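Novice: Here it is, the structure in full.
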Amino acid sequence: MRLKKVDLNNILEHLALYHDDFCEIANNLLYKKDKKVVQDIVQEMYIRLYEQVHDGKLETQQLIINNKPHFGIIKRTIKRIIQETANKENRIPKDENAIIKNIVEEEEFEIEEFNNKVLDILNGMYWFDRKLFTLYVKQFNSIRKLAKETRLGHVTVYNTIKRAKKNIKKKLYEK
């Protein structure tokens with residue numbers, strides 16, 4: 001079936017000829033592959049494009065070029081629908097502020113607990129390694145600057161920082 005002139009009345013019929021292509025685009029953009037969700041997204045795309053053409057926001061000639069749909073517009077519309085759907089699903093109702101507060105408090109507690117573990121590990125290290133690592137983390141964040149300030153070779157500073165990081169990681173993950 002080939003439509004000679006595409007206008008507002010038969011734009012959906014013309015787009016429906018490429019339904020499988022639109023489903024494939026939606027399926028490729030989705031993280032979870034679900035045929036029902038893909039179909040819903042494509043149906044929503046039809047509605048949005050029809051409304052845009054009907055409202056004059058999009059010209060038929062922009063959407064249909066040489067009797068084929070403009071796949072850039074199609075893909076952009078499908079992406080927006082997927083993003084909006086994801087945003088709606090991830091929203092937290094305003095009346096759940098207590099839950100959010102609990103989550104933040106738990107995260108703060110976990111961060112504090114993690115910091116205490118790192119401090120315990122640091123306290124168990126050789127004093128030179130502990131001092132260089134502490135200076136590196138808290139003050140300098142640059143091996144060259146730390147080496148210059150402490151008048152140590154940058155290779156010495158690098159190896160000490162590397163060894164300290166390795167020891168911290170090892171002891172954190174063995175517990």
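Ligands are numbered from 1 in the order shown, chains are lettered A, B, ... in the order of the structure tokens, and residues start at 1 in each chain.
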List as a PDB file with C-alpha atoms, in the first residue's frame the protein and nucleic acid residues near Met45 in chain A, meaning an atom at most 12 Å away when only C-alpha atoms are counted, but skip any in the same chain fewer than 2 places from it.

Specialist:
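Contents of selection_27.pdb, as written:
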```
ATOM      1  CA  LEU A  12      -1.005   7.735  11.027  1.00  0.00           C
ATOM      2  CA  LEU A  15       3.491   5.962   9.766  1.00  0.00           C
ATOM      3  CA  ALA A  16       1.941   2.575  10.559  1.00  0.00           C
ATOM      4  CA  HIS A  19       5.618   0.220  12.683  1.00  0.00           C
ATOM      5  CA  PHE A  22       9.758   2.080  15.065  1.00  0.00           C
ATOM      6  CA  CYS A  23       9.484  -0.886  17.430  1.00  0.00           C
ATOM      7  CA  ILE A  25      14.251   1.703  17.388  1.00  0.00           C
ATOM      8  CA  ALA A  26      12.411   1.706  20.728  1.00  0.00           C
ATOM      9  CA  VAL A  38       7.985  -1.155  23.251  1.00  0.00           C
ATOM     10  CA  GLN A  39       4.448  -1.224  21.840  1.00  0.00           C
ATOM     11  CA  ASP A  40       3.272   1.347  24.408  1.00  0.00           C
ATOM     12  CA  ILE A  41       6.156   3.655  23.563  1.00  0.00           C
ATOM     13  CA  VAL A  42       5.493   3.425  19.825  1.00  0.00           C
ATOM     14  CA  GLN A  43       1.770   4.078  20.358  1.00  0.00           C
ATOM     15  CA  ILE A  47      -0.096  10.191  19.445  1.00  0.00           C
ATOM     16  CA  ARG A  48       2.585  12.820  20.036  1.00  0.00           C
ATOM     17  CA  LEU A  49       3.526  13.144  16.387  1.00  0.00           C
ATOM     18  CA  TYR A  50      -0.122  13.403  15.348  1.00  0.00           C
ATOM     19  CA  GLU A  51      -0.714  16.101  17.975  1.00  0.00           C
ATOM     20  CA  GLN A  52       2.378  18.026  16.877  1.00  0.00           C
ATOM     21  CA  ILE A  73      12.387  12.930  14.468  1.00  0.00           C
ATOM     22  CA  ILE A  74      11.016   9.470  15.233  1.00  0.00           C
ATOM     23  CA  LYS A  75      14.077   8.480  17.267  1.00  0.00           C
ATOM     24  CA  ARG A  76      14.141  11.785  19.152  1.00  0.00           C
ATOM     25  CA  THR A  77      10.451  11.430  20.030  1.00  0.00           C
ATOM     26  CA  ILE A  78      10.929   7.852  21.232  1.00  0.00           C
ATOM     27  CA  LYS A  79      13.963   8.887  23.337  1.00  0.00           C
ATOM     28  CA  ARG A  80      11.942  11.631  25.001  1.00  0.00           C
ATOM     29  CA  ILE A  81       9.105   9.245  25.791  1.00  0.00           C
ATOM     30  CA  ILE A  82      11.539   6.752  27.337  1.00  0.00           C
TER      31      ILE A  82
END
```

Novice: Write out as number ranges by chain all residues of chain A that DSSP puts in strand (DSSP E or B) for this structure's backbone.

Specialist: A: 64-65, 68-69

Novice: Between A:Tyr158, A:Tyr31, A:Tyr46, A:Phe71, which has the minimum distance to Tyr136 in chain A (counting only C-alpha atoms)?

Specialist: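 Closest to Tyr136 in chain A, using only C-alpha atoms: A:Tyr158.
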
Novice: Tell me which protein, DNA and RNA residues are within 9 Å of Leu172 in chain A, counting only C-alpha atoms, leaving out same-chain ones fewer than 6 positions away, and put them as a PyMOL selection string.

Specialist: chain A and resi 114+117-118+121
